[in-house]
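S.K.: Would you mind keeping the following structure in view while I ask a few things?
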Amino acid sequence: MGERFRSIAAFFVLGLFFVSCTKSGSLGGSSAQSGSFSGNLTGSVNGGLSPVIGAIVSLYVAGNNTALASATTSSSGAFTTSYNNPGTGALYLLVTGASAGSGSANSSLQLAALLGTGSNAPSSVLVNEITTAGFLDAAMAYGMVSDTNGMVTFKAANNQAAMANMIKQYANFVTNGNLNSALSSTNQSVFGTMSNAIAACVESSANCATLFTNAANSSGSASVSILDGIYNMMNGIPNLTNLYTSALKVSGSTGIAIPSQPSLLNVAPIVTINTFTVGTNPFAIAIDASGNAWETNSGSNNLIELSPSGATVATYNVGTLPHGIAIDAAGNVWVANGISDTVQELSSSGTTLGTFSVGINPTSLVIDAGGNVWVANVGNNNVQELNSSGTSLGTFGVGSTGIAIDAGGNAWVTNGNAALLKEISSTGSIVGSFSLGPVLSTFPEFPAFDASGNLWVANNVGASELKFSPALTPVGTFLVGTSPLGTTFDASGNAWVDNNGSANVKELSSTGNLLGTFSVGTNPRTPAIDASGNVWIPNNGSGTVSQLQGVTAGSQFFPYPGPQFP
């Protein structure tokens with residue numbers, strides 16, 4: 001532990017080094033370089049939840065206050081540059097300015113990364129909060145910085161052994177912009193917490209003032225930049241509990257939730273939960289190709305389109321008691337109107353393209369790869385198939401609780417009252433009927449297939465999630481909460497299940513291990529996940545939609561997901 005906190009001290013002073021760069025444009029120190037040769041560097045800069053756009057990326061060698069090269073990041077955060085490689089000395093990148101996430105200029109934005117020696121520098125690099133924290137830590141650990149009256153200088157490599165150790169420690173901590181998974185849980189927690197603490201300011205300049213105020217120095221003066229804030233938060237902290245307290249003060253004020261105990265920082269994801277007011281009794285939600293969320297309000301007979309940030313784009317009137325929703329490959333939106341006994345098709349701009357009569361009380365619908373729409377008619381206890389023009393292709397008496405389409409185009413339908421699962425071919429013939437009784441107590445709700453072809457079924461009364469192999473062999477029964485209704489899968493293969501009776505959603509690994517429980521509104525229904533990894537949940541009893549921001553971004557330890565261990 002003592003070694004860890006000697007390492008933690010590395011954050012302290014180099015933070016002011018970068019602050020001095022921003023304040024004065026000077027790096028201080030000098031060192032003769034030799035053996036120069038041509039070098040090329042490409043990379044990308046990510047900050048907060050987004051690429052950093054229009055930033056100045058400057059390449060330096062330790063001890064020389066003149067940049068070897070500079071470049072400006074593109075709309076995807078990418079950059080490329082050529083430089084005269086000095087051959088010796090430690091090369092590093094300093095990123096300043098530009099925007100991430102909010103789209104507006106953020107003069108407080110600062111990120112950095114250590115490349116290595118001039119003679120062994122990589123040709124590509126990712127810069128983000130983790131690389132910044134790792135650089136600060138490693139440089140301080142091996143005395144590569146000095147501080148005089150708030151002006152920090154990154155030292156030239158007069159001590160070659162110290163420089164080599166600094167570079168080695170950085171490489172051991174940071175791999176391709178991620179934390180090394182072999183790090184101890186304490187290290188994971190420290191880096192994850194610190195990265196999340198600064199990510200809010202990186203993402204939006206509106207969050208920076210709060211961070212700077214709360215990250216004041218020992219004299220009470222507010223910090224003046226992100227890296228100055230890191231220095232002030234970390235300076236003098238002797239143990240993990242105090243680190244946690246400081247990070248919580250900053251992060252909590254910017255809306256970033258942190259687990260309740262320092263020792264558990266590496267267990268639960270760190271996630272921002274946004275709540276958006278919509279219509280009455282939101283029922284279902286679907287995400288279009290632009291990242292907009294379309295949500296049915298069964299109590300107000302309308303459909304609301306939300307932007308990726310949760311702003312209302314438009315409200316469209318539909319039939320009575322709209323329930324299920326799906327979006328086809330052309331971007332058209334299909335809605336099941338439960339009391340009107342119709343399915344309504346709208347364009348991506350909200351214009352009604354057609355209204356088609358179906359059975360009694362259509363509740364849910366899905367669209368297969370051929371563009372056909374499968375509708376569960378609860379009042380008839382059957383399933384109806386429509387083509388993309390709304391013409392009925394057939395009606396099948398197979399139950400009507402929920403529908404999922406497998407990779408072969410077959411429809412799988414649950415019959416809640418009978419605890420049955422039936423398979424229908426793409427041409428409408430019944431392939432088989434399977435009893436869920438031995439493994440599923442009562443009332444299976446909406447089924448779903450994961451990327452490996454495993455079938456998951458929410459067991460409403462049994463408060464559990466059932467998983468079956470592609471051969472329909474029972475794999476496991478996972479307790480999740482009260483009255484689960486449906487399941488959605490993220491890009492990592494994790495399952496997201498709503499607990500309609502518990503006002504939360506749960507994240508399960510592909511093997512059923514509980515990864516997280518997230519409190520949302522009353523009576524949540526089946527989640528939807530956008531391309532950025534945000535989880536959207538309609539809260540039927542609250543008149544709201546919850547958005548879990550960035551929680552499924554993958555194995556990154558920034559921003560907001562935090563270290564993830566089953």
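Ordering of the structure tokens sets the chain letters (A, B, ...), residue numbers begin anew at 1 in every chain, and ligands are numbered from 1 in the order given.
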As a ChimeraX atom specification, please: the residues near Gly543 of chain A (cut-off 9 Å, only C-alpha atoms, same-chain neighbours under 2 positions excluded).

M.R.: /A:276-282,297,521-522,538-541,545

S.K.: Can you write out the residues you just picked, keeping all heavy atoms, as an mmCIF file, in the first residue's frame?

M.R.:
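Listed below is the output, again_24.cif:
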data_model
loop_
_atom_site.group_PDB
_atom_site.id
_atom_site.type_symbol
_atom_site.label_atom_id
_atom_site.label_comp_id
_atom_site.auth_asym_id
_atom_site.auth_seq_id
_atom_site.Cartn_x
_atom_site.Cartn_y
_atom_site.Cartn_z
ATOM 1 N N PHE A 276 -35.769 12.100 -18.040
ATOM 2 C CA PHE A 276 -36.471 13.004 -18.942
ATOM 3 C C PHE A 276 -37.976 12.793 -18.793
ATOM 4 O O PHE A 276 -38.469 11.664 -18.848
ATOM 5 C CB PHE A 276 -36.061 12.749 -20.398
ATOM 6 C CG PHE A 276 -34.567 12.659 -20.593
ATOM 7 C CD1 PHE A 276 -33.981 11.483 -21.030
ATOM 8 C CD2 PHE A 276 -33.758 13.744 -20.322
ATOM 9 C CE1 PHE A 276 -32.618 11.392 -21.211
ATOM 10 C CE2 PHE A 276 -32.375 13.666 -20.485
ATOM 11 C CZ PHE A 276 -31.808 12.487 -20.935
ATOM 12 N N THR A 277 -38.713 13.895 -18.612
ATOM 13 C CA THR A 277 -40.165 13.824 -18.502
ATOM 14 C C THR A 277 -40.772 13.663 -19.885
ATOM 15 O O THR A 277 -40.430 14.392 -20.825
ATOM 16 C CB THR A 277 -40.718 15.092 -17.836
ATOM 17 O OG1 THR A 277 -40.146 15.205 -16.525
ATOM 18 C CG2 THR A 277 -42.220 15.035 -17.723
ATOM 19 N N VAL A 278 -41.684 12.677 -20.016
ATOM 20 C CA VAL A 278 -42.326 12.441 -21.308
ATOM 21 C C VAL A 278 -43.842 12.444 -21.086
ATOM 22 O O VAL A 278 -44.349 13.191 -20.263
ATOM 23 C CB VAL A 278 -41.826 11.119 -21.935
ATOM 24 C CG1 VAL A 278 -40.390 11.273 -22.406
ATOM 25 C CG2 VAL A 278 -41.939 9.952 -20.968
ATOM 26 N N GLY A 279 -44.595 11.602 -21.798
ATOM 27 C CA GLY A 279 -46.045 11.583 -21.653
ATOM 28 C C GLY A 279 -46.491 10.673 -20.527
ATOM 29 O O GLY A 279 -45.715 10.274 -19.657
ATOM 30 N N THR A 280 -47.783 10.316 -20.563
ATOM 31 C CA THR A 280 -48.375 9.498 -19.514
ATOM 32 C C THR A 280 -48.189 8.013 -19.820
ATOM 33 O O THR A 280 -48.436 7.563 -20.931
ATOM 34 C CB THR A 280 -49.877 9.812 -19.393
ATOM 35 O OG1 THR A 280 -50.046 11.222 -19.214
ATOM 36 C CG2 THR A 280 -50.492 9.078 -18.215
ATOM 37 N N ASN A 281 -47.710 7.279 -18.838
ATOM 38 C CA ASN A 281 -47.529 5.822 -18.946
ATOM 39 C C ASN A 281 -46.668 5.411 -20.134
ATOM 40 O O ASN A 281 -47.123 4.671 -21.018
ATOM 41 C CB ASN A 281 -48.882 5.113 -19.025
ATOM 42 C CG ASN A 281 -49.759 5.374 -17.828
ATOM 43 O OD1 ASN A 281 -50.893 5.799 -17.967
ATOM 44 N ND2 ASN A 281 -49.245 5.136 -16.632
ATOM 45 N N PRO A 282 -45.415 5.855 -20.172
ATOM 46 C CA PRO A 282 -44.510 5.381 -21.236
ATOM 47 C C PRO A 282 -44.415 3.859 -21.199
ATOM 48 O O PRO A 282 -44.300 3.267 -20.121
ATOM 49 C CB PRO A 282 -43.186 6.055 -20.914
ATOM 50 C CG PRO A 282 -43.294 6.492 -19.494
ATOM 51 C CD PRO A 282 -44.740 6.755 -19.238
ATOM 52 N N ASN A 297 -46.365 6.505 -25.396
ATOM 53 C CA ASN A 297 -47.037 6.868 -24.156
ATOM 54 C C ASN A 297 -48.463 6.326 -24.212
ATOM 55 O O ASN A 297 -49.346 6.904 -24.857
ATOM 56 C CB ASN A 297 -47.059 8.394 -23.977
ATOM 57 C CG ASN A 297 -45.665 8.956 -23.798
ATOM 58 O OD1 ASN A 297 -44.935 8.540 -22.908
ATOM 59 N ND2 ASN A 297 -45.278 9.899 -24.648
ATOM 60 N N GLY A 521 -37.034 4.946 -12.614
ATOM 61 C CA GLY A 521 -38.364 5.370 -12.211
ATOM 62 C C GLY A 521 -39.255 4.195 -11.835
ATOM 63 O O GLY A 521 -38.833 3.033 -11.805
ATOM 64 N N THR A 522 -40.514 4.508 -11.572
ATOM 65 C CA THR A 522 -41.475 3.492 -11.154
ATOM 66 C C THR A 522 -41.930 2.648 -12.339
ATOM 67 O O THR A 522 -42.183 3.171 -13.427
ATOM 68 C CB THR A 522 -42.701 4.171 -10.514
ATOM 69 O OG1 THR A 522 -42.259 5.044 -9.469
ATOM 70 C CG2 THR A 522 -43.646 3.144 -9.936
ATOM 71 N N PRO A 538 -38.043 3.159 -20.370
ATOM 72 C CA PRO A 538 -39.312 3.859 -20.146
ATOM 73 C C PRO A 538 -39.874 3.472 -18.777
ATOM 74 O O PRO A 538 -39.984 2.292 -18.448
ATOM 75 C CB PRO A 538 -40.201 3.325 -21.279
ATOM 76 C CG PRO A 538 -39.641 1.979 -21.617
ATOM 77 C CD PRO A 538 -38.172 2.015 -21.284
ATOM 78 N N ASN A 539 -40.205 4.474 -17.969
ATOM 79 C CA ASN A 539 -40.734 4.240 -16.627
ATOM 80 C C ASN A 539 -42.245 4.434 -16.662
ATOM 81 O O ASN A 539 -42.741 5.562 -16.584
ATOM 82 C CB ASN A 539 -40.076 5.185 -15.619
ATOM 83 C CG ASN A 539 -38.574 5.000 -15.559
ATOM 84 O OD1 ASN A 539 -38.087 3.898 -15.372
ATOM 85 N ND2 ASN A 539 -37.824 6.079 -15.730
ATOM 86 N N ASN A 540 -42.973 3.324 -16.768
ATOM 87 C CA ASN A 540 -44.408 3.371 -17.013
ATOM 88 C C ASN A 540 -45.170 4.103 -15.924
ATOM 89 O O ASN A 540 -46.146 4.804 -16.194
ATOM 90 C CB ASN A 540 -44.935 1.937 -17.161
ATOM 91 C CG ASN A 540 -46.370 1.883 -17.620
ATOM 92 O OD1 ASN A 540 -47.266 1.661 -16.816
ATOM 93 N ND2 ASN A 540 -46.608 2.064 -18.910
ATOM 94 N N GLY A 541 -44.754 3.962 -14.672
ATOM 95 C CA GLY A 541 -45.487 4.572 -13.573
ATOM 96 C C GLY A 541 -45.037 5.972 -13.223
ATOM 97 O O GLY A 541 -45.666 6.629 -12.383
ATOM 98 N N VAL A 545 -38.493 8.863 -18.802
ATOM 99 C CA VAL A 545 -37.533 7.958 -19.414
ATOM 100 C C VAL A 545 -36.198 8.173 -18.714
ATOM 101 O O VAL A 545 -35.761 9.315 -18.534
ATOM 102 C CB VAL A 545 -37.386 8.216 -20.928
ATOM 103 C CG1 VAL A 545 -36.168 7.500 -21.497
ATOM 104 C CG2 VAL A 545 -38.638 7.763 -21.668
#

S.K.: As a list in words, please: the residues near segment 402-414 of chain A (cut-off 6 Å, only C-alpha atoms, same-chain neighbours under 6 positions excluded).

M.R.: Leu420, Leu421, Lys422, Glu423, Ile424, Ser425, Ser426, Glu445, Phe446, Pro447 and Ala448 of chain A

S.K.: Could the residues in this selection be written to a file with all heavy atoms, as a PDB file, in the first residue's frame?

M.R.:
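Okay, again-v6.pdb is ready:
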ATOM      1  N   LEU A 420     -45.496 -21.642 -22.208  1.00  0.00           N
ATOM      2  CA  LEU A 420     -45.047 -22.305 -23.426  1.00  0.00           C
ATOM      3  C   LEU A 420     -44.213 -21.357 -24.276  1.00  0.00           C
ATOM      4  O   LEU A 420     -44.356 -20.130 -24.204  1.00  0.00           O
ATOM      5  CB  LEU A 420     -46.241 -22.797 -24.253  1.00  0.00           C
ATOM      6  CG  LEU A 420     -47.064 -23.962 -23.709  1.00  0.00           C
ATOM      7  CD1 LEU A 420     -48.256 -24.218 -24.622  1.00  0.00           C
ATOM      8  CD2 LEU A 420     -46.201 -25.212 -23.601  1.00  0.00           C
ATOM      9  N   LEU A 421     -43.359 -21.943 -25.103  1.00  0.00           N
ATOM     10  CA  LEU A 421     -42.579 -21.218 -26.091  1.00  0.00           C
ATOM     11  C   LEU A 421     -42.809 -21.916 -27.425  1.00  0.00           C
ATOM     12  O   LEU A 421     -42.614 -23.134 -27.532  1.00  0.00           O
ATOM     13  CB  LEU A 421     -41.093 -21.250 -25.713  1.00  0.00           C
ATOM     14  CG  LEU A 421     -40.118 -20.560 -26.656  1.00  0.00           C
ATOM     15  CD1 LEU A 421     -40.320 -19.047 -26.613  1.00  0.00           C
ATOM     16  CD2 LEU A 421     -38.674 -20.897 -26.260  1.00  0.00           C
ATOM     17  N   LYS A 422     -43.231 -21.174 -28.448  1.00  0.00           N
ATOM     18  CA  LYS A 422     -43.480 -21.775 -29.750  1.00  0.00           C
ATOM     19  C   LYS A 422     -42.624 -21.111 -30.817  1.00  0.00           C
ATOM     20  O   LYS A 422     -42.390 -19.900 -30.778  1.00  0.00           O
ATOM     21  CB  LYS A 422     -44.961 -21.685 -30.120  1.00  0.00           C
ATOM     22  CG  LYS A 422     -45.846 -22.558 -29.237  1.00  0.00           C
ATOM     23  CD  LYS A 422     -47.249 -22.695 -29.776  1.00  0.00           C
ATOM     24  CE  LYS A 422     -48.072 -23.651 -28.913  1.00  0.00           C
ATOM     25  NZ  LYS A 422     -49.431 -23.865 -29.445  1.00  0.00           N
ATOM     26  N   GLU A 423     -42.168 -21.921 -31.769  1.00  0.00           N
ATOM     27  CA  GLU A 423     -41.325 -21.450 -32.865  1.00  0.00           C
ATOM     28  C   GLU A 423     -42.116 -21.497 -34.169  1.00  0.00           C
ATOM     29  O   GLU A 423     -42.735 -22.515 -34.501  1.00  0.00           O
ATOM     30  CB  GLU A 423     -40.068 -22.316 -32.977  1.00  0.00           C
ATOM     31  CG  GLU A 423     -39.132 -21.898 -34.101  1.00  0.00           C
ATOM     32  CD  GLU A 423     -37.951 -22.833 -34.263  1.00  0.00           C
ATOM     33  OE1 GLU A 423     -37.921 -23.890 -33.579  1.00  0.00           O
ATOM     34  OE2 GLU A 423     -37.064 -22.520 -35.093  1.00  0.00           O
ATOM     35  N   ILE A 424     -42.074 -20.387 -34.906  1.00  0.00           N
ATOM     36  CA  ILE A 424     -42.751 -20.290 -36.191  1.00  0.00           C
ATOM     37  C   ILE A 424     -41.695 -20.003 -37.253  1.00  0.00           C
ATOM     38  O   ILE A 424     -40.860 -19.103 -37.085  1.00  0.00           O
ATOM     39  CB  ILE A 424     -43.788 -19.153 -36.199  1.00  0.00           C
ATOM     40  CG1 ILE A 424     -44.704 -19.255 -34.991  1.00  0.00           C
ATOM     41  CG2 ILE A 424     -44.601 -19.166 -37.484  1.00  0.00           C
ATOM     42  CD1 ILE A 424     -45.609 -18.061 -34.826  1.00  0.00           C
ATOM     43  N   SER A 425     -41.740 -20.725 -38.375  1.00  0.00           N
ATOM     44  CA  SER A 425     -40.781 -20.478 -39.446  1.00  0.00           C
ATOM     45  C   SER A 425     -41.080 -19.147 -40.117  1.00  0.00           C
ATOM     46  O   SER A 425     -42.157 -18.555 -39.922  1.00  0.00           O
ATOM     47  CB  SER A 425     -40.846 -21.595 -40.491  1.00  0.00           C
ATOM     48  OG  SER A 425     -42.030 -21.484 -41.265  1.00  0.00           O
ATOM     49  N   SER A 426     -40.126 -18.682 -40.935  1.00  0.00           N
ATOM     50  CA  SER A 426     -40.294 -17.405 -41.630  1.00  0.00           C
ATOM     51  C   SER A 426     -41.454 -17.444 -42.611  1.00  0.00           C
ATOM     52  O   SER A 426     -41.956 -16.399 -43.031  1.00  0.00           O
ATOM     53  CB  SER A 426     -39.007 -17.039 -42.355  1.00  0.00           C
ATOM     54  OG  SER A 426     -38.643 -18.063 -43.264  1.00  0.00           O
ATOM     55  N   GLU A 445     -42.457 -13.679 -20.049  1.00  0.00           N
ATOM     56  CA  GLU A 445     -42.776 -12.434 -20.759  1.00  0.00           C
ATOM     57  C   GLU A 445     -42.031 -12.391 -22.099  1.00  0.00           C
ATOM     58  O   GLU A 445     -42.110 -13.320 -22.868  1.00  0.00           O
ATOM     59  CB  GLU A 445     -42.434 -11.240 -19.873  1.00  0.00           C
ATOM     60  CG  GLU A 445     -43.362 -11.085 -18.681  1.00  0.00           C
ATOM     61  CD  GLU A 445     -44.699 -10.416 -19.025  1.00  0.00           C
ATOM     62  OE1 GLU A 445     -44.894 -10.041 -20.212  1.00  0.00           O
ATOM     63  OE2 GLU A 445     -45.539 -10.274 -18.118  1.00  0.00           O
ATOM     64  N   PHE A 446     -41.259 -11.315 -22.335  1.00  0.00           N
ATOM     65  CA  PHE A 446     -40.669 -11.101 -23.651  1.00  0.00           C
ATOM     66  C   PHE A 446     -39.350 -11.871 -23.800  1.00  0.00           C
ATOM     67  O   PHE A 446     -38.446 -11.723 -22.979  1.00  0.00           O
ATOM     68  CB  PHE A 446     -40.441  -9.608 -23.885  1.00  0.00           C
ATOM     69  CG  PHE A 446     -41.724  -8.833 -23.885  1.00  0.00           C
ATOM     70  CD1 PHE A 446     -42.151  -8.171 -22.746  1.00  0.00           C
ATOM     71  CD2 PHE A 446     -42.522  -8.784 -25.013  1.00  0.00           C
ATOM     72  CE1 PHE A 446     -43.347  -7.468 -22.727  1.00  0.00           C
ATOM     73  CE2 PHE A 446     -43.719  -8.080 -25.006  1.00  0.00           C
ATOM     74  CZ  PHE A 446     -44.135  -7.420 -23.860  1.00  0.00           C
ATOM     75  N   PRO A 447     -39.230 -12.692 -24.858  1.00  0.00           N
ATOM     76  CA  PRO A 447     -37.976 -13.403 -25.106  1.00  0.00           C
ATOM     77  C   PRO A 447     -36.994 -12.524 -25.876  1.00  0.00           C
ATOM     78  O   PRO A 447     -37.377 -11.515 -26.472  1.00  0.00           O
ATOM     79  CB  PRO A 447     -38.436 -14.594 -25.966  1.00  0.00           C
ATOM     80  CG  PRO A 447     -39.606 -14.044 -26.735  1.00  0.00           C
ATOM     81  CD  PRO A 447     -40.269 -13.037 -25.840  1.00  0.00           C
ATOM     82  N   ALA A 448     -35.721 -12.904 -25.872  1.00  0.00           N
ATOM     83  CA  ALA A 448     -34.699 -12.176 -26.631  1.00  0.00           C
ATOM     84  C   ALA A 448     -33.529 -13.111 -26.911  1.00  0.00           C
ATOM     85  O   ALA A 448     -33.201 -13.970 -26.088  1.00  0.00           O
ATOM     86  CB  ALA A 448     -34.222 -10.952 -25.852  1.00  0.00           C
TER      87      ALA A 448
END

S.K.: Between atom CA of Phe443 of chain A and atom CA of Gly462 of chain A, what is the spacing in Å?

M.R.: 7.9 Å

S.K.: Let me make sure I understand: among A:Ser389, A:Thr66, A:Asn317, A:Asn381, which one has the smallest atom-to-atom distance to Leu353 of chain A if we use only C-alpha atoms?

M.R.: A:Ser389

S.K.: Which polymer residues have any atom within 6 Å of an atom of segment 336-350 of chain A, counting only C-alpha atoms, with same-chain residues fewer than 6 positions away left out, as a list in words?

M.R.: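 What passes the distance filter is Gly319, Thr320, Leu321, Pro322, His323, Gly324, Phe356, Ser357, Val358, Gly359, Ile360, Asn361, Pro362 and Thr363 of chain A.
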
S.K.: What lies within 6 Å of segment 396-400 of chain A using only C-alpha atoms, ignoring chain neighbours under 5 positions off, as number ranges by chain?

M.R.: A: 376-378, 381-383, 415

S.K.: Pick out the closest residue to Ser509 of chain A from this set: A:Gly432, A:Gly493, A:Gly390, A:Gly77. Count only C-alpha atoms.

M.R.: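 The closest residue to Ser509 of chain A is A:Gly493.
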
S.K.: Residues at most 9 Å from Leu472 of chain A, counting only C-alpha atoms, excluding those fewer than 3 positions away in the same chain, as a list in words?

M.R.: Phe434, Asn454, Leu455, Lys467, Phe468, Ser469 and Val475 of chain A

S.K.: Per residue of segment 67-102 of chain A within 12 Å of segment 135-138 of chain A, note the shortest atom pair and the distance in Å to one decimal, counting only C-alpha atoms, and order the rows by chain and increasing residue number, as a tab-separated table.

M.R.:
residue	atom	partner	partner_atom	distance
A:Ala90	CA	A:Phe135	CA	11.4
A:Leu91	CA	A:Phe135	CA	11.2
A:Tyr92	CA	A:Phe135	CA	8.8
A:Leu93	CA	A:Phe135	CA	10.1
A:Leu94	CA	A:Phe135	CA	10.8

S.K.: Given the choices A:Ile226, A:Ala161, A:Ala286, A:Leu393, which gets closest to Glu203 of chain A if the distance is worked out from only C-alpha atoms?

M.R.: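 Among the listed residues, A:Ile226 lies closest to Glu203 of chain A.
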
S.K.: Which polymer residues have any atom within 8 Å of an atom of Thr80 of chain A, counting only C-alpha atoms, with same-chain residues fewer than 2 positions away left out, as a list of chain:residue names?

M.R.: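 The neighbour list is A:Asn40, A:Leu41, A:Thr42, A:Gly43, A:Ala71, A:Ala78, A:Ser82.
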
S.K.: How about saving the chosen residues, N, CA, C and O atoms kept, as an mmCIF file, in the first residue's frame?

M.R.:
data_model
loop_
_atom_site.group_PDB
_atom_site.id
_atom_site.type_symbol
_atom_site.label_atom_id
_atom_site.label_comp_id
_atom_site.auth_asym_id
_atom_site.auth_seq_id
_atom_site.Cartn_x
_atom_site.Cartn_y
_atom_site.Cartn_z
ATOM 1 N N ASN A 40 6.819 9.826 -37.736
ATOM 2 C CA ASN A 40 5.411 10.065 -38.055
ATOM 3 C C ASN A 40 4.555 9.573 -36.902
ATOM 4 O O ASN A 40 4.863 8.560 -36.269
ATOM 5 N N LEU A 41 3.473 10.288 -36.634
ATOM 6 C CA LEU A 41 2.602 9.932 -35.528
ATOM 7 C C LEU A 41 1.154 10.164 -35.929
ATOM 8 O O LEU A 41 0.794 11.231 -36.424
ATOM 9 N N THR A 42 0.324 9.139 -35.721
ATOM 10 C CA THR A 42 -1.115 9.277 -35.876
ATOM 11 C C THR A 42 -1.770 8.899 -34.556
ATOM 12 O O THR A 42 -1.167 8.226 -33.720
ATOM 13 N N GLY A 43 -2.999 9.312 -34.356
ATOM 14 C CA GLY A 43 -3.685 8.952 -33.130
ATOM 15 C C GLY A 43 -5.066 9.555 -33.060
ATOM 16 O O GLY A 43 -5.570 10.125 -34.039
ATOM 17 N N ALA A 71 -0.678 19.345 -34.299
ATOM 18 C CA ALA A 71 -1.734 18.982 -35.232
ATOM 19 C C ALA A 71 -3.074 19.350 -34.600
ATOM 20 O O ALA A 71 -3.158 19.634 -33.405
ATOM 21 N N ALA A 78 -9.372 12.366 -34.575
ATOM 22 C CA ALA A 78 -8.126 11.834 -35.127
ATOM 23 C C ALA A 78 -7.139 12.959 -35.458
ATOM 24 O O ALA A 78 -7.522 14.095 -35.712
ATOM 25 N N SER A 82 3.973 14.814 -38.673
ATOM 26 C CA SER A 82 5.357 14.366 -38.851
ATOM 27 C C SER A 82 6.258 15.264 -38.017
ATOM 28 O O SER A 82 5.946 16.435 -37.788
#

S.K.: Using only C-alpha atoms, which residue out of A:Val535, A:Val366, A:Ala503, A:Ala289 lies closest to Gly310 of chain A?

M.R.: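 Smallest separation from Gly310 of chain A among the options: A:Val535.
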
S.K.: How many Å separate atom CA of Leu227 of chain A from atom CA of Ile273 of chain A?

M.R.: 26.0 Å

S.K.: Need the shell around Ile285 of chain A: protein/DNA/RNA residues with any atom at most 12 Å away, counting only C-alpha atoms. Skip same-chain ones fewer than 3 positions apart. Format as a PyMOL selection string?

M.R.: chain A and resi 278+282+288+292-298+303-306+322-327+333-335+364-365+486+488+524-530+535-540+544-547
